[in-house]
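Q: Okay, so here is upload.cif, and as you'll see once you scroll down, it has mmCIF, C-alpha atoms.
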data_work
loop_
_atom_site.label_atom_id
_atom_site.label_comp_id
_atom_site.auth_asym_id
_atom_site.auth_seq_id
_atom_site.Cartn_x
_atom_site.Cartn_y
_atom_site.Cartn_z
CA VAL A 1205 7.78 4.13 10.49
CA GLU A 1206 8.39 7.80 11.12
CA ASN A 1207 5.92 10.69 10.92
CA HIS A 1208 2.57 8.94 11.12
CA HIS A 1209 0.35 12.00 11.58
CA CYS A 1210 -2.05 13.24 8.91
CA HIS A 1211 -3.00 16.90 8.59
CA THR A 1212 -6.74 17.54 8.45
CA SER A 1213 -7.23 21.30 8.56
CA ASN A 1214 -9.67 21.31 5.63
CA TYR A 1215 -11.87 18.55 6.99
CA LYS A 1216 -15.60 19.26 7.27
CA ASN A 1217 -17.05 20.31 10.60
CA GLU A 1218 -19.60 17.51 10.74
CA HIS A 1219 -16.85 14.90 10.44
CA ARG A 1220 -14.84 16.63 13.14
CA ALA A 1221 -17.87 16.41 15.38
CA ALA A 1222 -18.41 12.76 14.48
CA ARG A 1223 -14.81 11.97 15.40
CA ALA A 1224 -14.44 14.41 18.32
CA ASP A 1225 -12.97 11.65 20.45
CA GLU A 1226 -9.97 11.48 18.08
CA THR A 1227 -8.89 15.12 18.36
CA ASP A 1228 -5.77 16.39 20.01
CA PRO A 1229 -6.57 17.27 23.65
CA ALA A 1230 -4.42 20.36 23.23
CA GLY A 1231 -7.09 21.73 20.90
CA ALA A 1232 -5.19 21.62 17.61
CA GLY A 1233 -8.19 19.95 15.97
CA ALA A 1234 -6.11 17.36 14.07
CA PRO A 1235 -7.06 13.71 14.56
CA MET A 1236 -4.47 11.67 16.39
CA LEU A 1237 -3.65 8.02 15.73
CA ARG A 1238 -5.78 5.67 17.73
CA SER A 1239 -6.07 1.92 17.88
CA LEU A 1240 -9.22 1.68 15.78
CA THR A 1241 -9.83 4.40 13.22
CA ILE A 1242 -7.87 7.13 11.45
CA LEU A 1243 -8.80 9.42 8.61
CA VAL A 1244 -6.18 9.25 5.88
CA LEU A 1245 -6.25 12.67 4.29
CA LEU A 1246 -2.80 14.03 3.51
CA PRO A 1247 0.65 12.43 3.48
CA ALA A 1248 3.14 13.18 6.21
CA HIS A 1249 5.13 16.38 5.87
CA SER A 1250 8.54 14.70 5.49
CA ALA A 1251 9.89 11.47 4.10
CA VAL A 1252 8.49 8.37 5.67
CA VAL A 1253 10.86 5.44 5.69
CA VAL A 1254 9.29 2.04 6.10
CA ARG A 1255 12.00 0.29 8.02
CA ALA A 1256 10.73 -3.26 8.20
CA PHE A 1257 7.92 -5.46 7.01
CA SER A 1258 6.34 -8.41 8.70
CA PRO A 1259 6.72 -11.40 6.40
CA ILE A 1260 3.50 -12.82 5.05
CA ARG A 1261 4.08 -16.47 4.33
CA GLY A 1262 1.60 -19.23 3.84
CA ALA A 1263 0.41 -20.86 0.68
CA ALA A 1264 3.23 -20.55 -1.82
CA ARG A 1265 2.16 -19.05 -5.09
CA SER A 1266 1.98 -21.73 -7.78
CA ALA A 1267 4.77 -20.55 -10.03
CA SER A 1268 8.28 -21.59 -10.88
CA PRO A 1269 11.04 -19.80 -8.94
CA GLY A 1270 12.40 -18.93 -12.38
CA ILE A 1271 9.71 -16.30 -12.79
CA ARG A 1272 11.38 -14.26 -10.07
CA MET A 1273 13.43 -12.25 -12.53
CA SER A 1274 16.83 -11.06 -11.37
CA GLY A 1275 16.90 -7.37 -10.52
CA ILE A 1276 13.49 -7.24 -8.87
CA TRP A 1277 15.10 -6.76 -5.47
CA ASN A 1278 18.38 -4.86 -5.59
CA SER A 1279 20.72 -4.09 -2.73
CA GLY A 1280 24.04 -2.37 -2.19
CA LEU A 1281 25.12 -0.16 -5.07
CA GLU A 1282 22.25 -1.47 -7.20
CA PHE A 1283 19.54 -0.24 -4.85
CA GLY A 1284 17.38 2.39 -6.52
CA LYS A 1285 18.32 1.25 -10.03
CA GLY A 1286 16.70 -0.87 -12.73
CA GLN A 1287 13.28 -1.37 -14.25
CA PHE A 1288 11.71 -2.44 -10.95
CA ARG A 1289 12.74 0.59 -8.91
CA PHE A 1290 9.38 2.36 -9.14
CA TYR A 1291 6.00 0.67 -8.84
CA ASP A 1292 3.38 2.29 -11.07
CA GLY A 1293 0.73 -0.39 -11.25
CA PHE A 1294 0.43 -4.16 -11.48
CA ASP A 1295 0.29 -4.43 -15.28
CA LYS A 1296 3.34 -2.19 -15.78
CA TRP A 1297 5.23 -4.09 -13.09
CA MET A 1298 4.71 -7.37 -14.92
CA GLU A 1299 5.59 -6.04 -18.39
CA PRO A 1300 9.31 -7.02 -18.30
CA PHE A 1301 8.55 -10.71 -17.91
CA PRO A 1302 8.80 -12.74 -21.12
CA ASP A 1303 5.85 -14.19 -23.00
CA ALA A 1304 7.04 -17.67 -22.08
CA ASP A 1305 6.30 -16.92 -18.42
CA ARG A 1306 2.89 -15.52 -19.30
CA GLU A 1307 2.01 -18.71 -21.12
CA ALA A 1308 3.43 -21.02 -18.47
CA TYR A 1309 2.04 -19.18 -15.41
CA PRO A 1310 -0.99 -17.16 -16.51
CA SER A 1311 -2.30 -16.75 -12.95
CA MET A 1312 0.81 -14.77 -12.07
CA PHE A 1313 -0.20 -12.02 -14.49
CA ARG A 1314 -3.66 -11.26 -13.17
CA LEU A 1315 -5.00 -10.26 -9.80
CA PRO A 1316 -6.83 -12.96 -7.84
CA ALA A 1317 -10.62 -13.04 -7.76
CA GLY A 1318 -12.03 -10.33 -5.53
CA VAL A 1319 -8.79 -8.31 -5.57
CA TYR A 1320 -8.47 -4.93 -7.28
CA GLU A 1321 -5.90 -2.17 -7.52
CA THR A 1322 -6.58 1.55 -7.62
CA LYS A 1323 -4.66 4.84 -7.64
CA LEU A 1324 -5.61 7.88 -5.59
CA THR A 1325 -4.08 11.30 -5.10
CA ALA A 1326 -3.91 12.87 -1.67
CA PRO A 1327 -6.02 13.57 0.25
CA LEU A 1328 -7.36 10.03 -0.04
CA GLY A 1329 -10.52 10.57 1.97
CA ILE A 1330 -10.55 7.09 3.50
CA ALA A 1331 -11.21 6.16 7.12
CA PHE A 1332 -9.43 2.89 7.97
CA GLU A 1333 -10.24 0.69 10.94
CA GLU A 1334 -7.99 -1.96 12.43
CA ARG A 1335 -9.19 -5.55 12.21
CA LYS A 1336 -9.01 -7.90 15.17
CA GLU A 1337 -7.14 -10.42 13.03
CA GLY A 1338 -4.63 -7.78 11.89
CA GLY A 1339 -4.53 -5.33 9.03
CA VAL A 1340 -7.01 -2.59 8.23
CA VAL A 1341 -10.42 -2.37 6.60
CA VAL A 1342 -12.23 0.60 5.07
CA ASP A 1343 -14.57 2.02 7.69
CA TYR A 1344 -16.12 4.77 5.55
CA LEU A 1345 -15.30 7.23 2.76
CA VAL A 1346 -15.18 10.96 3.34
CA GLU A 1347 -18.05 12.73 1.62
CA GLY A 1348 -16.73 14.52 -1.47
CA GLY A 1349 -13.25 13.02 -1.01
CA ALA A 1350 -11.08 11.42 -3.68
CA ALA A 1351 -12.09 7.86 -2.83
CA GLU A 1352 -15.81 8.58 -2.83
CA LEU A 1353 -15.64 10.49 -6.11
CA GLN A 1354 -13.69 7.65 -7.73
CA LYS A 1355 -16.50 5.19 -6.83
CA THR A 1356 -14.20 2.15 -6.66
CA ILE A 1357 -13.48 1.58 -2.97
CA GLN A 1358 -16.27 0.44 -0.67
CA PRO A 1359 -16.61 0.22 3.12
CA GLY A 1360 -15.62 -3.28 4.19
CA ASP A 1361 -12.82 -3.62 1.61
CA VAL A 1362 -9.63 -4.94 3.21
CA LEU A 1363 -6.33 -3.26 2.33
CA ILE A 1364 -3.79 -5.89 1.30
CA GLY A 1365 -1.06 -3.91 -0.48
CA VAL A 1366 0.16 -0.33 -0.66
CA SER A 1367 2.86 1.54 -2.53
CA ALA A 1368 5.63 2.76 -0.23
CA VAL A 1369 8.96 4.54 -0.61
CA LYS A 1370 12.23 3.34 0.90
CA VAL A 1371 15.04 5.90 1.06
CA ILE A 1372 18.72 5.06 1.50
CA GLY A 1373 20.99 8.08 1.29
CA ALA A 1374 20.35 9.78 -2.04
CA LYS A 1375 18.59 6.73 -3.53
CA TRP A 1376 15.02 5.57 -3.23
CA GLU A 1377 12.59 2.99 -4.52
CA ARG A 1378 8.82 2.74 -4.60
CA ARG A 1379 7.37 -0.72 -4.26
CA LEU A 1380 4.03 -2.34 -3.72
CA VAL A 1381 4.42 -3.99 -0.33
CA PRO A 1382 2.06 -6.46 1.37
CA CYS A 1383 0.22 -4.87 4.30
CA TYR A 1384 -2.40 -7.56 4.91
CA LYS A 1385 -1.52 -7.83 8.61
CA TRP A 1386 0.02 -4.43 9.27
CA PRO A 1387 -1.01 -2.24 12.21
CA LEU A 1388 -2.74 1.01 11.40
CA GLU A 1389 0.28 3.20 12.16
CA THR A 1390 2.49 1.36 9.67
CA VAL A 1391 -0.17 1.59 6.95
CA VAL A 1392 -0.49 5.34 7.45
CA GLY A 1393 3.28 5.74 7.35
CA ALA A 1394 3.53 3.83 4.08
CA ILE A 1395 0.76 5.91 2.51
CA GLY A 1396 2.47 9.09 3.64
CA SER A 1397 5.78 8.06 2.06
CA ASN A 1398 4.35 8.52 -1.46
CA GLN A 1399 5.54 12.12 -1.80
CA ARG A 1400 6.12 14.21 -4.89
CA LYS A 1401 9.79 14.72 -4.08
CA TRP A 1402 10.23 10.99 -4.65
CA GLY A 1403 8.40 11.18 -7.99
CA CYS A 1404 5.07 9.98 -6.61
CA GLN A 1405 1.95 11.55 -8.10
CA ASP A 1406 -0.40 9.13 -6.37
CA VAL A 1407 -0.78 6.30 -3.88
CA ILE A 1408 -1.44 2.80 -5.21
CA LEU A 1409 -3.65 0.56 -3.12
CA GLN A 1410 -4.69 -3.06 -3.47
CA PHE A 1411 -7.86 -4.24 -1.75
CA MET A 1412 -9.71 -7.52 -1.43
CA ARG A 1413 -13.49 -7.73 -1.37
CA LYS A 1414 -14.99 -10.86 0.17
CA SER A 1415 -18.34 -10.34 -1.55
CA GLU A 1416 -16.63 -10.75 -4.92
CA GLY A 1417 -14.96 -14.04 -4.13
CA ALA A 1418 -11.72 -13.00 -2.48
CA ASP A 1419 -10.05 -15.98 -0.85
CA ASP A 1420 -7.55 -15.54 2.00
CA ALA A 1421 -5.21 -18.28 0.79
CA ALA A 1422 -5.16 -16.91 -2.77
CA VAL A 1423 -4.52 -13.39 -1.48
CA VAL A 1424 -1.60 -14.54 0.69
CA ALA A 1425 -0.13 -16.42 -2.28
CA HIS A 1426 -0.52 -13.31 -4.46
CA LEU A 1427 1.19 -11.12 -1.88
CA ASP A 1428 4.07 -13.56 -1.50
CA PHE A 1429 5.32 -12.45 -4.92
CA PHE A 1430 5.73 -8.90 -3.59
CA GLU A 1431 7.28 -9.84 -0.26
CA PRO A 1432 10.88 -8.56 0.02
CA PRO A 1433 13.52 -11.25 0.54
CA LEU A 1434 15.16 -11.41 3.95
CA ASP A 1435 18.41 -9.82 2.71
CA SER A 1436 16.63 -6.87 1.04
CA PRO A 1437 17.18 -3.33 2.35
CA TRP A 1438 13.37 -3.23 2.62
CA LYS A 1439 13.64 -5.63 5.55
CA LYS A 1440 16.00 -3.37 7.51
#
Since I need it in another form, could you write the structure as structure tokens?

A:
Amino acid sequence: VENHHCHTSNYKNEHRAARADETDPAGAGAPMLRSLTILVLLPAHSAVVVRAFSPIRGAARSASPGIRMSGIWNSGLEFGKGQFRFYDGFDKWMEPFPDADREAYPSMFRLPAGVYETKLTAPLGIAFEERKEGGVVVDYLVEGGAAELQKTIQPGDVLIGVSAVKVIGAKWERRLVPCYKWPLETVVGAIGSNQRKWGCQDVILQFMRKSEGADDAAVVAHLDFFEPPLDSPWKK
């Protein structure tokens, strides 16, 4: 991922003091990426290309392979085209599937227990912390920031999916991509790729909350549906 840094010039003084150990030693006052915590405030200043994703495989989601509608993952001249080229929320993403699939595989058309999806505009106002087992968890919300004002996200929520933009030449796509085991730098890069010049008005995030019944196996199975195939440009 390119351009991981987040600009924080409008951040409150008390938070700068609380995170003084994260500041640039040159005195610029902007938090630098560290192994544990980063404040996600504004997207990167130029396009962020997510070049590869670590596959998340485990429990296969209980659905027929037939539900994987053709055209979900395009490559070659078809990249950047079709009804699945821009992710704008789970319900909209599932709209093209026929009623027969909804009746046969109802679990495919709802988020698992303890999983929720939300949209935020930058600056997000979220401090993420890396987990020992991989991935990132919400450390705290910035006072007065978008996430705190929305009153949906809570400290301790684990980020499992994020919208990201992949650019190839003059074409691009925005997808929800699994980030359950991603390092912090890759998460920040994906968040930063949701820029207005690619038609993005927000960042879409999926979280799991253990206190509401989130199950690791169910989450992995859910994310498997969004995992790019090995021959997808999203894997390159």

Q: Could you work out how far atom CA of A:His1426 lies from atom CA of A:Asp1343, giving the answer in Å with one decimal?

A: 24.1 Å

Q: Distance atom CA of A:Arg1413-atom CA of A:Gly1318, one decimal place?

A: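 Here the two named atoms are 5.1 Å from each other.
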
Q: Evaluate the PyMOL selection byres ((chain A and resi 1279) around 12) and record the selected residues as a ChimeraX atom specification, following the chain and residue labels used in the document.

A: /A:1274-1278,1280-1286,1289,1370,1372,1375-1377,1432-1440

Q: Please evaluate the PyMOL selection byres ((chain A and resi 1346) around 9) against the structure above and give the resulting residues as a PyMOL selection string.

A: chain A and resi 1219+1243+1328-1331+1344-1345+1347-1352

Q: Could you please determine the separation between atom CA of A:Arg1400 and atom CA of A:Pro1300 in Å, to one decimal place?

A: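 One can read the atom CA of A:Arg1400 to atom CA of A:Pro1300 distance as 25.3 Å.
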
Q: Counting all atoms listed in the file, which of A:Pro1310, A:Pro1316, A:Gly1293, A:Pro1382 gets nearest to A:Leu1427?

A: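 Smallest separation from A:Leu1427 among the options: A:Pro1382.
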
Q: Kindly indicate which residue among A:Gln1405, A:Thr1390, A:Gln1354, A:Ser1311 lies nearest to A:Ala1425, using all atoms listed in the file for the distances.

A: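 Among the listed residues, A:Ser1311 lies closest to A:Ala1425.
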
Q: Evaluate the PyMOL selection byres ((chain A and resi 1342) around 9) against this structure - the residues, as an MDAnalysis selection string, please.

A: chainID A and resid 1330:1334 1340:1341 1343:1345 1357:1363

Q: Counting only C-alpha atoms, figure out which residue out of A:Lys1355, A:Lys1414, A:Lys1385, A:Lys1401 gets nearest to A:Val1371.

A: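 Distance minimum relative to A:Val1371 lands on A:Lys1401.
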